[in-house]
file entry.cif (mmCIF, C-alpha atoms)
data_input
#
loop_
_atom_site.label_atom_id
_atom_site.label_comp_id
_atom_site.auth_asym_id
_atom_site.auth_seq_id
_atom_site.Cartn_x
_atom_site.Cartn_y
_atom_site.Cartn_z
CA MET A 1 88.97 -35.75 -90.62
CA ASP A 2 90.42 -33.90 -87.63
CA LEU A 3 94.00 -32.68 -87.56
CA ILE A 4 95.40 -32.93 -84.04
CA VAL A 5 98.81 -31.56 -83.13
CA THR A 6 100.13 -32.07 -79.60
CA GLU A 7 103.24 -30.68 -77.91
CA LEU A 8 104.98 -30.14 -81.25
CA SER A 9 108.53 -28.76 -81.33
CA VAL A 10 110.14 -28.03 -84.65
CA ALA A 11 113.68 -27.14 -85.70
CA ARG A 12 115.14 -25.33 -88.64
CA GLY A 13 118.79 -25.87 -89.49
CA GLY A 14 119.26 -27.85 -86.25
CA ILE A 15 117.98 -24.99 -84.03
CA ALA A 16 114.67 -25.38 -82.22
CA ILE A 17 112.47 -22.46 -83.26
CA LEU A 18 109.03 -23.37 -81.92
CA ALA A 19 108.17 -25.52 -78.90
CA GLY A 20 105.07 -26.82 -77.17
CA LEU A 21 102.78 -26.09 -80.08
CA GLY A 22 99.37 -27.71 -79.77
CA PHE A 23 96.13 -27.22 -81.66
CA SER A 24 93.42 -29.15 -83.40
CA VAL A 25 91.50 -28.47 -86.55
CA THR A 26 88.22 -30.35 -86.66
CA ALA A 27 86.62 -31.56 -89.85
CA GLY A 28 84.98 -28.73 -91.76
CA ASN A 29 87.23 -26.08 -90.26
CA ALA A 30 90.29 -24.12 -91.32
CA LEU A 31 93.08 -22.74 -89.17
CA VAL A 32 95.30 -19.89 -90.32
CA LEU A 33 98.77 -19.66 -88.76
CA ARG A 34 99.95 -16.12 -88.13
CA GLY A 35 103.26 -14.66 -87.05
CA PRO A 36 106.11 -12.49 -88.28
CA ASN A 37 108.51 -13.59 -91.02
CA GLY A 38 110.90 -16.24 -89.86
CA ILE A 39 108.92 -17.44 -86.88
CA GLY A 40 108.58 -20.89 -88.41
CA LYS A 41 105.18 -21.05 -90.08
CA THR A 42 106.56 -22.92 -93.09
CA THR A 43 108.61 -25.21 -90.84
CA VAL A 44 105.49 -26.17 -88.87
CA LEU A 45 103.60 -26.92 -92.07
CA ARG A 46 106.46 -28.95 -93.53
CA THR A 47 106.73 -30.94 -90.31
CA ILE A 48 103.00 -31.69 -90.31
CA ALA A 49 103.18 -32.67 -93.99
CA GLY A 50 105.90 -35.19 -93.09
CA LEU A 51 108.72 -33.54 -95.01
CA GLN A 52 110.86 -33.12 -91.92
CA PRO A 53 110.84 -34.84 -88.53
CA ALA A 54 109.50 -33.12 -85.43
CA LEU A 55 111.85 -32.68 -82.48
CA THR A 56 109.08 -33.76 -80.12
CA GLY A 57 105.33 -34.08 -80.22
CA ARG A 58 102.76 -35.85 -82.29
CA VAL A 59 100.75 -35.12 -85.39
CA ALA A 60 97.64 -37.07 -86.34
CA PRO A 61 96.74 -38.15 -88.97
CA GLY A 62 99.90 -39.24 -90.74
CA PRO A 63 101.33 -37.70 -93.90
CA ASP A 64 99.37 -40.08 -96.14
CA GLN A 65 96.18 -38.17 -95.28
CA ILE A 66 97.68 -34.74 -95.90
CA ALA A 67 97.85 -32.84 -99.19
CA TRP A 68 100.79 -30.45 -99.18
CA SER A 69 101.19 -27.30 -101.21
CA GLY A 70 104.39 -25.34 -100.74
CA HIS A 71 106.05 -22.23 -102.16
CA ALA A 72 106.98 -24.01 -105.40
CA ASP A 73 104.26 -25.04 -107.81
CA ALA A 74 105.87 -28.33 -108.99
CA VAL A 75 105.06 -27.45 -112.57
CA LYS A 76 107.16 -28.84 -115.43
CA ALA A 77 107.82 -26.09 -117.96
CA THR A 78 108.02 -28.25 -121.08
CA LEU A 79 104.81 -30.18 -120.43
CA THR A 80 101.42 -28.75 -121.24
CA VAL A 81 99.00 -27.80 -118.48
CA ARG A 82 96.94 -30.93 -119.08
CA GLU A 83 100.02 -33.20 -119.16
CA ASN A 84 101.23 -31.70 -115.89
CA LEU A 85 97.93 -32.40 -114.22
CA ALA A 86 97.44 -35.82 -115.83
CA PHE A 87 100.76 -36.92 -114.34
CA TRP A 88 99.62 -36.04 -110.81
CA ALA A 89 96.23 -37.60 -111.46
CA ALA A 90 98.01 -40.86 -112.31
CA ILE A 91 100.18 -40.60 -109.19
CA TYR A 92 97.16 -40.02 -106.95
CA GLY A 93 94.99 -42.53 -108.79
CA ALA A 94 92.47 -39.84 -109.67
CA GLY A 95 90.59 -40.37 -112.88
CA ASP A 96 89.70 -37.36 -114.96
CA VAL A 97 91.61 -34.08 -114.80
CA GLU A 98 88.88 -32.04 -116.51
CA PRO A 99 86.92 -31.17 -113.32
CA ALA A 100 90.09 -29.88 -111.68
CA LEU A 101 90.98 -27.89 -114.81
CA ALA A 102 87.48 -26.42 -114.87
CA ASP A 103 87.51 -25.59 -111.15
CA LEU A 104 90.59 -23.44 -111.54
CA HIS A 105 89.59 -21.94 -114.91
CA LEU A 106 92.44 -23.67 -116.73
CA ILE A 107 90.41 -25.20 -119.58
CA GLU A 108 91.41 -22.61 -122.19
CA LEU A 109 95.06 -22.92 -121.12
CA ALA A 110 95.03 -26.72 -121.05
CA ASP A 111 97.11 -27.32 -124.18
CA ARG A 112 99.65 -24.58 -123.63
CA PRO A 113 103.15 -25.50 -122.45
CA ALA A 114 103.43 -24.56 -118.79
CA GLN A 115 106.45 -22.35 -119.49
CA THR A 116 104.17 -19.84 -121.22
CA LEU A 117 101.97 -19.39 -118.14
CA SER A 118 102.12 -16.37 -115.87
CA ALA A 119 103.04 -16.77 -112.21
CA GLY A 120 99.39 -16.64 -111.17
CA GLN A 121 98.37 -19.21 -113.77
CA LYS A 122 101.16 -21.54 -112.62
CA ARG A 123 99.92 -21.17 -109.06
CA ARG A 124 96.43 -22.13 -110.19
CA LEU A 125 97.88 -25.21 -111.85
CA GLY A 126 99.69 -26.04 -108.58
CA LEU A 127 96.44 -25.63 -106.63
CA ALA A 128 94.55 -27.82 -109.10
CA ARG A 129 96.70 -30.72 -107.88
CA LEU A 130 95.07 -30.40 -104.44
CA LEU A 131 91.70 -31.23 -105.94
CA LEU A 132 93.13 -34.41 -107.48
CA SER A 133 94.74 -35.70 -104.32
CA ASP A 134 91.49 -36.62 -102.54
CA ARG A 135 93.17 -36.23 -99.16
CA PRO A 136 91.09 -34.88 -96.27
CA VAL A 137 93.62 -32.49 -94.70
CA TRP A 138 95.05 -29.67 -96.81
CA VAL A 139 98.24 -28.07 -95.57
CA LEU A 140 98.87 -24.94 -97.61
CA ASP A 141 101.80 -22.58 -97.39
CA GLU A 142 100.84 -19.19 -98.80
CA PRO A 143 98.38 -20.64 -101.34
CA THR A 144 97.34 -17.24 -102.67
CA VAL A 145 100.76 -15.87 -103.64
CA SER A 146 100.61 -14.14 -107.06
CA LEU A 147 96.85 -14.69 -107.40
CA ASP A 148 94.66 -11.71 -108.25
CA ALA A 149 91.80 -10.68 -105.95
CA ALA A 150 89.11 -12.44 -107.98
CA THR A 151 91.07 -15.70 -108.04
CA VAL A 152 91.77 -15.45 -104.31
CA ALA A 153 88.02 -15.19 -103.72
CA HIS A 154 87.43 -18.11 -106.10
CA PHE A 155 90.05 -20.20 -104.32
CA ALA A 156 88.33 -19.40 -101.01
CA THR A 157 85.11 -20.91 -102.39
CA LEU A 158 87.00 -24.06 -103.49
CA LEU A 159 88.52 -24.27 -100.02
CA ALA A 160 85.08 -23.80 -98.45
CA ARG A 161 83.76 -26.61 -100.66
CA HIS A 162 86.54 -28.90 -99.46
CA LEU A 163 85.72 -28.01 -95.85
CA GLY A 164 82.05 -28.57 -96.53
CA GLN A 165 82.85 -32.12 -97.67
CA GLY A 166 84.34 -32.89 -94.25
CA GLY A 167 87.89 -31.82 -94.97
CA ALA A 168 90.17 -29.72 -92.82
CA ALA A 169 92.76 -27.13 -93.76
CA LEU A 170 95.80 -25.61 -92.12
CA LEU A 171 97.32 -22.68 -93.92
CA THR A 172 99.42 -19.59 -93.74
CA SER A 173 98.36 -16.51 -95.59
CA HIS A 174 99.13 -12.83 -95.48
CA VAL A 175 95.89 -11.92 -97.20
CA ASP A 176 92.44 -12.36 -95.76
CA LEU A 177 90.75 -15.25 -97.55
CA GLY A 178 87.35 -14.24 -96.24
CA LEU A 179 86.64 -17.76 -94.96
CA HIS A 180 83.70 -17.88 -92.62
CA GLY A 181 84.60 -19.26 -89.24
CA ALA A 182 88.29 -19.74 -89.99
CA GLN A 183 90.26 -19.65 -86.76
CA GLU A 184 93.61 -17.97 -86.39
CA LEU A 185 96.60 -18.98 -84.32
CA ASP A 186 99.47 -16.64 -83.55
CA LEU A 187 102.73 -18.56 -83.28
CA SER A 188 104.63 -15.90 -81.32
CA PRO A 189 103.91 -17.35 -77.83
CA TYR A 190 105.41 -20.70 -78.88
CA ARG A 191 108.80 -19.33 -79.83
CA ALA A 192 111.55 -21.61 -78.51
CA ARG A 193 114.18 -20.25 -76.14
CA GLY A 194 117.08 -20.29 -78.58
CA ALA A 195 115.04 -18.67 -81.29
CA ALA A 196 113.94 -15.87 -78.95
CA HIS A 197 117.56 -15.13 -78.28
CA MET A 198 118.29 -14.91 -82.00
CA GLN A 199 115.38 -12.58 -82.51
CA ALA A 200 116.65 -10.32 -79.74
CA SER A 201 119.98 -9.80 -81.50
CA PRO A 202 119.20 -9.10 -85.12
CA ALA A 203 122.84 -8.30 -85.97
CA GLY A 204 124.26 -11.16 -87.96
CA PHE A 205 120.89 -12.84 -88.02
CA ASP A 206 119.98 -13.84 -91.52
CA GLU A 207 116.31 -14.64 -91.81
CA ALA A 208 116.88 -16.02 -95.31
CA PHE A 209 117.97 -19.23 -93.60
CA LEU A 210 114.74 -19.64 -91.68
CA MET B 1 104.95 -45.62 -111.21
CA ILE B 2 104.61 -46.07 -114.94
CA ALA B 3 103.27 -42.50 -115.10
CA LEU B 4 106.49 -41.23 -113.52
CA LEU B 5 108.60 -43.24 -115.98
CA LEU B 6 106.60 -41.93 -118.94
CA ARG B 7 106.80 -38.37 -117.63
CA ASP B 8 110.59 -38.57 -117.29
CA LEU B 9 110.96 -40.02 -120.78
CA ARG B 10 108.71 -37.29 -122.15
CA LEU B 11 110.65 -34.57 -120.33
CA ALA B 12 113.92 -36.02 -121.63
CA THR B 13 112.79 -35.87 -125.23
CA ARG B 14 111.25 -32.37 -125.03
CA ALA B 15 113.31 -29.24 -125.64
CA GLY B 16 116.23 -28.96 -123.24
CA GLY B 17 115.57 -32.43 -121.88
CA GLY B 18 119.06 -33.75 -122.38
CA PHE B 19 118.21 -36.77 -124.49
CA GLY B 20 120.90 -37.03 -127.14
CA LEU B 21 123.38 -35.09 -125.04
CA SER B 22 125.07 -38.23 -123.76
CA LEU B 23 124.86 -39.87 -127.15
CA THR B 24 126.47 -36.88 -128.89
CA PHE B 25 129.19 -36.71 -126.27
CA PHE B 26 129.91 -40.42 -126.78
CA LEU B 27 130.05 -39.96 -130.55
CA ILE B 28 132.43 -36.98 -130.30
CA LEU B 29 134.72 -38.76 -127.85
CA VAL B 30 135.01 -41.84 -130.02
CA THR B 31 135.72 -39.84 -133.17
CA LEU B 32 138.37 -37.78 -131.36
CA VAL B 33 140.35 -40.73 -130.02
CA PRO B 34 141.83 -41.78 -133.40
CA PHE B 35 143.05 -38.22 -133.85
CA GLY B 36 144.76 -38.38 -130.50
CA VAL B 37 146.43 -41.79 -130.66
CA GLY B 38 146.92 -42.03 -134.42
CA PRO B 39 145.11 -44.02 -137.09
CA GLU B 40 147.09 -47.26 -136.72
CA GLY B 41 144.49 -50.04 -136.65
CA GLY B 42 146.24 -52.51 -134.35
CA ARG B 43 146.81 -49.99 -131.61
CA LEU B 44 143.24 -48.68 -131.83
CA ALA B 45 141.78 -52.17 -131.67
CA THR B 46 143.74 -52.87 -128.47
CA ILE B 47 142.40 -49.84 -126.64
CA ALA B 48 138.93 -49.78 -128.22
CA PRO B 49 137.03 -51.74 -125.49
CA GLY B 50 138.49 -49.52 -122.79
CA ILE B 51 137.84 -46.29 -124.70
CA LEU B 52 134.26 -47.26 -125.44
CA TRP B 53 133.60 -48.18 -121.83
CA VAL B 54 135.21 -45.03 -120.41
CA GLY B 55 133.23 -43.03 -122.96
CA ALA B 56 129.97 -44.68 -121.91
CA LEU B 57 130.78 -44.00 -118.27
CA LEU B 58 131.49 -40.30 -118.81
CA ALA B 59 128.49 -39.92 -121.10
CA SER B 60 126.13 -41.34 -118.50
CA LEU B 61 127.68 -39.03 -115.88
CA LEU B 62 126.88 -36.02 -118.03
CA SER B 63 123.13 -35.95 -117.45
CA LEU B 64 123.16 -37.14 -113.85
CA ASP B 65 123.23 -33.81 -112.05
CA ARG B 66 119.80 -32.95 -113.43
CA LEU B 67 118.25 -36.27 -112.36
CA PHE B 68 116.84 -34.97 -109.07
CA ALA B 69 118.05 -31.35 -109.13
CA LEU B 70 115.40 -30.14 -111.59
CA ASP B 71 112.62 -31.81 -109.61
CA HIS B 72 114.03 -30.34 -106.43
CA GLU B 73 114.16 -26.80 -107.81
CA ASP B 74 110.55 -26.65 -108.97
CA GLY B 75 109.11 -28.38 -105.89
CA THR B 76 108.21 -31.64 -107.66
CA LEU B 77 110.47 -33.68 -105.40
CA GLU B 78 108.62 -32.41 -102.29
CA GLN B 79 105.33 -33.31 -103.91
CA LEU B 80 106.61 -36.77 -104.85
CA ALA B 81 107.86 -37.27 -101.30
CA THR B 82 104.36 -36.63 -99.94
CA ALA B 83 102.61 -38.55 -102.75
CA PRO B 84 101.25 -42.08 -102.25
CA LEU B 85 104.19 -43.45 -104.24
CA PRO B 86 107.09 -44.73 -102.09
CA LEU B 87 110.20 -42.59 -102.57
CA GLU B 88 112.17 -45.78 -103.26
CA ALA B 89 109.95 -46.43 -106.28
CA VAL B 90 110.39 -42.83 -107.42
CA VAL B 91 114.16 -43.31 -107.31
CA ALA B 92 114.03 -46.62 -109.15
CA MET B 93 111.75 -45.23 -111.85
CA LYS B 94 113.93 -42.17 -112.38
CA ALA B 95 117.04 -44.35 -112.60
CA ILE B 96 115.31 -46.56 -115.17
CA ALA B 97 114.27 -43.48 -117.17
CA HIS B 98 117.87 -42.28 -117.05
CA TRP B 99 119.08 -45.65 -118.31
CA LEU B 100 116.51 -45.73 -121.12
CA THR B 101 117.62 -42.29 -122.31
CA THR B 102 121.40 -42.76 -121.88
CA GLY B 103 122.62 -46.30 -121.20
CA LEU B 104 120.42 -48.19 -123.64
CA PRO B 105 121.10 -45.90 -126.65
CA LEU B 106 124.83 -46.08 -125.83
CA ALA B 107 124.75 -49.89 -125.79
CA LEU B 108 122.92 -49.91 -129.13
CA ILE B 109 125.20 -47.46 -130.88
CA ALA B 110 128.51 -48.68 -129.40
CA PRO B 111 129.09 -51.53 -131.94
CA LEU B 112 128.65 -48.98 -134.72
CA LEU B 113 131.24 -46.70 -133.17
CA GLY B 114 133.47 -49.70 -132.54
CA VAL B 115 134.06 -49.77 -136.29
CA LEU B 116 135.68 -46.34 -136.02
CA LEU B 117 138.13 -47.83 -133.51
CA HIS B 118 138.89 -50.99 -135.53
CA LEU B 119 137.22 -53.18 -132.95
CA PRO B 120 137.20 -56.75 -134.32
CA GLY B 121 133.81 -58.01 -135.45
CA ALA B 122 133.81 -60.86 -132.93
CA ALA B 123 133.88 -58.33 -130.09
CA MET B 124 130.83 -56.32 -131.22
CA PRO B 125 128.11 -58.47 -129.61
CA TRP B 126 130.15 -58.74 -126.41
CA LEU B 127 130.61 -54.98 -126.28
CA ALA B 128 126.89 -54.33 -126.73
CA LEU B 129 126.03 -57.05 -124.23
CA SER B 130 128.47 -55.79 -121.59
CA LEU B 131 127.17 -52.23 -121.98
CA ALA B 132 123.56 -53.36 -121.82
CA LEU B 133 124.32 -55.32 -118.66
CA GLY B 134 126.59 -52.73 -117.01
CA THR B 135 124.98 -49.37 -117.77
CA PRO B 136 121.93 -49.95 -115.48
CA ALA B 137 124.43 -50.07 -112.61
CA LEU B 138 125.91 -46.76 -113.84
CA SER B 139 122.47 -45.13 -113.81
CA MET B 140 121.58 -46.51 -110.38
CA ILE B 141 124.91 -45.57 -108.76
CA GLY B 142 124.59 -42.19 -110.43
CA ALA B 143 121.10 -41.74 -109.00
CA PHE B 144 122.55 -42.45 -105.56
CA GLY B 145 125.16 -39.73 -106.07
CA ALA B 146 122.49 -37.35 -107.38
CA GLY B 147 120.33 -38.08 -104.32
CA LEU B 148 123.22 -37.31 -101.99
CA THR B 149 123.93 -33.96 -103.64
CA VAL B 150 120.37 -32.92 -104.46
CA GLY B 151 120.13 -29.97 -102.09
CA LEU B 152 123.45 -28.43 -103.14
CA LYS B 153 123.74 -25.58 -105.59
CA ARG B 154 126.22 -26.47 -108.33
CA GLY B 155 126.67 -29.95 -106.89
CA GLY B 156 127.90 -31.33 -110.22
CA LEU B 157 131.59 -31.50 -109.33
CA LEU B 158 130.91 -33.15 -106.00
CA LEU B 159 128.59 -35.58 -107.75
CA SER B 160 131.35 -36.60 -110.17
CA LEU B 161 133.84 -37.03 -107.34
CA LEU B 162 131.39 -39.19 -105.42
CA VAL B 163 130.20 -41.29 -108.30
CA LEU B 164 133.29 -41.96 -110.42
CA PRO B 165 135.11 -44.11 -107.82
CA LEU B 166 131.93 -46.16 -107.41
CA TYR B 167 131.92 -46.73 -111.17
CA VAL B 168 135.33 -48.44 -111.11
CA PRO B 169 134.19 -52.07 -110.57
CA THR B 170 131.60 -51.78 -113.34
CA LEU B 171 134.23 -50.31 -115.66
CA ILE B 172 136.77 -53.04 -114.89
CA PHE B 173 134.45 -55.96 -115.48
CA GLY B 174 132.58 -54.34 -118.38
CA ALA B 175 135.75 -53.52 -120.32
CA GLU B 176 137.10 -56.99 -119.47
CA VAL B 177 134.07 -58.65 -121.09
CA ALA B 178 134.59 -56.60 -124.27
CA ARG B 179 138.37 -57.26 -124.29
CA ARG B 180 138.02 -61.00 -123.82
CA GLY B 181 135.31 -61.03 -126.46
CA ALA B 182 137.69 -59.31 -128.88
CA GLU B 183 140.34 -61.97 -128.21
CA GLY B 184 137.85 -64.82 -128.44
CA ALA B 185 138.45 -65.86 -124.82
CA ALA B 186 135.81 -67.02 -122.33
CA THR B 187 133.75 -64.10 -121.00
CA GLY B 188 131.72 -65.94 -118.36
CA THR B 189 133.52 -64.75 -115.24
CA PRO B 190 133.61 -60.97 -115.85
CA MET B 191 130.07 -61.18 -117.21
CA ALA B 192 128.90 -62.84 -113.99
CA PHE B 193 130.61 -60.17 -111.89
CA LEU B 194 129.13 -57.41 -114.04
CA GLY B 195 125.65 -58.87 -113.66
CA ALA B 196 126.14 -59.25 -109.92
CA ILE B 197 127.15 -55.58 -109.56
CA THR B 198 124.12 -54.44 -111.54
CA LEU B 199 121.67 -56.61 -109.60
CA GLY B 200 123.23 -55.63 -106.27
CA THR B 201 123.00 -51.91 -106.97
CA LEU B 202 119.43 -52.23 -108.27
CA ALA B 203 118.41 -54.09 -105.12
CA LEU B 204 120.09 -51.88 -102.51
CA LEU B 205 120.64 -48.37 -103.82
CA PRO B 206 116.98 -47.27 -104.21
CA TYR B 207 116.67 -47.50 -100.42
CA ALA B 208 119.92 -45.63 -99.77
CA THR B 209 119.01 -42.97 -102.33
CA ALA B 210 115.52 -42.46 -100.93
CA ALA B 211 117.00 -42.06 -97.44
CA ALA B 212 119.51 -39.50 -98.75
CA ILE B 213 116.75 -37.52 -100.48
CA ARG B 214 114.61 -37.50 -97.32
CA VAL B 215 117.53 -36.02 -95.38
CA ASN B 216 118.17 -33.45 -98.10
CA LEU B 217 114.52 -32.36 -98.21
CA ARG B 218 114.48 -31.35 -94.54
#

call {"tool": "encode", "arguments": {"input": "entry.cif", "output": "structure tokens"}}
result
Amino acid sequence: MDLIVTELSVARGGIAILAGLGFSVTAGNALVLRGPNGIGKTTVLRTIAGLQPALTGRVAPGPDQIAWSGHADAVKATLTVRENLAFWAAIYGAGDVEPALADLHLIELADRPAQTLSAGQKRRLGLARLLLSDRPVWVLDEPTVSLDAATVAHFATLLARHLGQGGAALLTSHVDLGLHGAQELDLSPYRARGAAHMQASPAGFDEAFL
Amino acid sequence: MIALLLRDLRLATRAGGGFGLSLTFFLILVTLVPFGVGPEGGRLATIAPGILWVGALLASLLSLDRLFALDHEDGTLEQLATAPLPLEAVVAMKAIAHWLTTGLPLALIAPLLGVLLHLPGAAMPWLALSLALGTPALSMIGAFGAGLTVGLKRGGLLLSLLVLPLYVPTLIFGAEVARRGAEGAATGTPMAFLGAITLGTLALLPYATAAAIRVNLR
């Protein structure tokens, strides 16, 4: 399924930060958003995932076709790995969690409480949820944070498999995933007027709020 | 939806889940009251319905701030908001899970604790019935307050300030059922009001709460 974004303007904290953003990601392709910290990569992804309204512009398809993965892993510490995943499988109406566990090398960890996992293992558990969702468009915000190099490469193959099945992906990443034919889009030219002004006067500008 | 309910019940009963917290608080409160007002049976029996109802109200408030806050902190709430489940159903299920882990145990144990307060035997079924009928409203109103304050750090105080005034009608009619039951008077009218409040909150507040959460997730 194609992801088509037209004339999108997004705001953070009531201030427009990006305007006139337009791109399309056709089925089988991935697009990586680039830009400096605070430019609004996460805000764009959250808007496309339907977590916040756009100021203007349109996104197709709707949020019910989009699988979202954010900074937080949505892992419950007191449940085991398998229980965590089984819950999301029930929510998404997916059947068996074993293939997803196997795909992210979580089988041997399956019966451990999630609180005993390392940051990278928790991230893998968070990414396993994507495989359960069966949604064609993946919107991923920094999916490879705290993953080691081998797991990053493995995740890239899972992503390539999803693309090969006719999916599409929009992501931000500071590491090179090594995806063949992944396009890149620099967000800097789309900076909204007010945001450009803020960037020009860094004094008193707290990027933690972006 | 059932999966969400089961998950919340499981989380509540695991370590640090908060199940038993409300119950213990209720137990401590009820045992402390006779120390405060003196052991005279007649006086205790007069105030018992009110004490038990206020205790139930505060006990159910105790675990409210974690209702959505924990899911918000670890990103689960975002995932649920983008999941195929309507957010209104998420809210309703979480409120039901809260009731099953706080309100229902309170209603079951209250007649037992009524003995400590010299509550007359005739009032026991009415007390349990009024709590069983009224505490779902407490959980649902509480979920609304928790939804409004979900994005705030340390929103517990604000949550209490928002929610406690909304609890007043439930408290009035709930305690009235138990009081009239103790005196052997007709309980139909306050019972009808109590039921109406519970049904009204269950019908309307999931929508309001889901809207509040959507705003707070932005």

call {"tool": "resolve_selection", "arguments": {"input": "entry.cif", "expression": "the PyMOL selection byres ((chain B and resi 105) around 12)", "output": "number ranges by chain"}}
result
B: 19-24, 26-27, 56, 59-60, 97-104, 106-112, 128, 131-132, 135-136

call {"tool": "write_last_selection", "arguments": {"input": "entry.cif", "atoms": "C-alpha atoms", "output": "CSV table (one decimal), in the coordinates of the input"}}
result
chain,number,residue,atom,x,y,z
B,19,PHE,CA,118.2,-36.8,-124.5
B,20,GLY,CA,120.9,-37.0,-127.1
B,21,LEU,CA,123.4,-35.1,-125.0
B,22,SER,CA,125.1,-38.2,-123.8
B,23,LEU,CA,124.9,-39.9,-127.2
B,24,THR,CA,126.5,-36.9,-128.9
B,26,PHE,CA,129.9,-40.4,-126.8
B,27,LEU,CA,130.0,-40.0,-130.6
B,56,ALA,CA,130.0,-44.7,-121.9
B,59,ALA,CA,128.5,-39.9,-121.1
B,60,SER,CA,126.1,-41.3,-118.5
B,97,ALA,CA,114.3,-43.5,-117.2
B,98,HIS,CA,117.9,-42.3,-117.0
B,99,TRP,CA,119.1,-45.6,-118.3
B,100,LEU,CA,116.5,-45.7,-121.1
B,101,THR,CA,117.6,-42.3,-122.3
B,102,THR,CA,121.4,-42.8,-121.9
B,103,GLY,CA,122.6,-46.3,-121.2
B,104,LEU,CA,120.4,-48.2,-123.6
B,106,LEU,CA,124.8,-46.1,-125.8
B,107,ALA,CA,124.8,-49.9,-125.8
B,108,LEU,CA,122.9,-49.9,-129.1
B,109,ILE,CA,125.2,-47.5,-130.9
B,110,ALA,CA,128.5,-48.7,-129.4
B,111,PRO,CA,129.1,-51.5,-131.9
B,112,LEU,CA,128.6,-49.0,-134.7
B,128,ALA,CA,126.9,-54.3,-126.7
B,131,LEU,CA,127.2,-52.2,-122.0
B,132,ALA,CA,123.6,-53.4,-121.8
B,135,THR,CA,125.0,-49.4,-117.8
B,136,PRO,CA,121.9,-50.0,-115.5

call {"tool": "residues_around", "arguments": {"input": "entry.cif", "residues": "Met93 in chain B", "least_positions_apart": "2", "cutoff": "12 Å", "atoms": "only C-alpha atoms", "output": "ChimeraX atom specification"}}
result
/B:1-9,67-68,85-91,95-100,136,139-140,143,202,206,210

call {"tool": "interface_residues", "arguments": {"input": "entry.cif", "of": "chain A", "to": "chain B", "cutoff": "7 Å", "atoms": "all atoms listed in the file", "output": "JSON, numbers by chain"}}
result
{"A": [51, 52, 63, 64, 72, 73, 74, 75, 78, 87, 90, 91, 92]}

call {"tool": "residues_near_point", "arguments": {"input": "entry.cif", "point": "(86.5, -24.0, -92.6)", "cutoff": "6 Å", "atoms": "only C-alpha atoms", "output": "JSON, numbers by chain"}}
result
{"A": [28, 29, 30, 163, 182]}

call {"tool": "resolve_selection", "arguments": {"input": "entry.cif", "expression": "the PyMOL selection byres ((chain A and resi 21) around 8)", "output": "MDAnalysis selection string"}}
result
chainID A and resid 5:9 18:20 22:23 190

call {"tool": "decode", "arguments": {"input": "entry.cif", "residues": "range 72-83 of chain A", "atoms": "N, CA and C atoms", "output": "PDB file, in the first residue's frame"}}
result
ATOM      1  N   ALA A  72       9.207   4.741  23.105  1.00  0.00           N
ATOM      2  CA  ALA A  72       8.964   3.799  24.201  1.00  0.00           C
ATOM      3  C   ALA A  72       8.579   2.438  23.629  1.00  0.00           C
ATOM      4  N   ASP A  73       8.948   1.395  24.342  1.00  0.00           N
ATOM      5  CA  ASP A  73       8.751   0.046  23.821  1.00  0.00           C
ATOM      6  C   ASP A  73       7.389  -0.541  24.166  1.00  0.00           C
ATOM      7  N   ALA A  74       6.634   0.107  25.071  1.00  0.00           N
ATOM      8  CA  ALA A  74       5.318  -0.420  25.487  1.00  0.00           C
ATOM      9  C   ALA A  74       5.420  -1.833  26.022  1.00  0.00           C
ATOM     10  N   VAL A  75       6.428  -2.029  26.873  1.00  0.00           N
ATOM     11  CA  VAL A  75       6.659  -3.346  27.462  1.00  0.00           C
ATOM     12  C   VAL A  75       6.290  -3.279  28.944  1.00  0.00           C
ATOM     13  N   LYS A  76       5.510  -4.251  29.401  1.00  0.00           N
ATOM     14  CA  LYS A  76       5.119  -4.295  30.816  1.00  0.00           C
ATOM     15  C   LYS A  76       6.138  -5.107  31.601  1.00  0.00           C
ATOM     16  N   ALA A  77       6.749  -4.488  32.597  1.00  0.00           N
ATOM     17  CA  ALA A  77       7.887  -5.096  33.288  1.00  0.00           C
ATOM     18  C   ALA A  77       7.533  -6.385  34.016  1.00  0.00           C
ATOM     19  N   THR A  78       6.325  -6.486  34.559  1.00  0.00           N
ATOM     20  CA  THR A  78       6.015  -7.651  35.386  1.00  0.00           C
ATOM     21  C   THR A  78       5.427  -8.812  34.588  1.00  0.00           C
ATOM     22  N   LEU A  79       5.198  -8.609  33.296  1.00  0.00           N
ATOM     23  CA  LEU A  79       4.747  -9.721  32.461  1.00  0.00           C
ATOM     24  C   LEU A  79       5.960 -10.354  31.790  1.00  0.00           C
ATOM     25  N   THR A  80       5.827 -11.622  31.445  1.00  0.00           N
ATOM     26  CA  THR A  80       6.924 -12.253  30.718  1.00  0.00           C
ATOM     27  C   THR A  80       6.904 -11.782  29.266  1.00  0.00           C
ATOM     28  N   VAL A  81       7.998 -12.083  28.565  1.00  0.00           N
ATOM     29  CA  VAL A  81       8.114 -11.686  27.164  1.00  0.00           C
ATOM     30  C   VAL A  81       6.940 -12.234  26.351  1.00  0.00           C
ATOM     31  N   ARG A  82       6.634 -13.522  26.584  1.00  0.00           N
ATOM     32  CA  ARG A  82       5.556 -14.138  25.816  1.00  0.00           C
ATOM     33  C   ARG A  82       4.203 -13.515  26.169  1.00  0.00           C
ATOM     34  N   GLU A  83       3.970 -13.245  27.461  1.00  0.00           N
ATOM     35  CA  GLU A  83       2.701 -12.625  27.872  1.00  0.00           C
ATOM     36  C   GLU A  83       2.543 -11.234  27.260  1.00  0.00           C
TER      37      GLU A  83
END
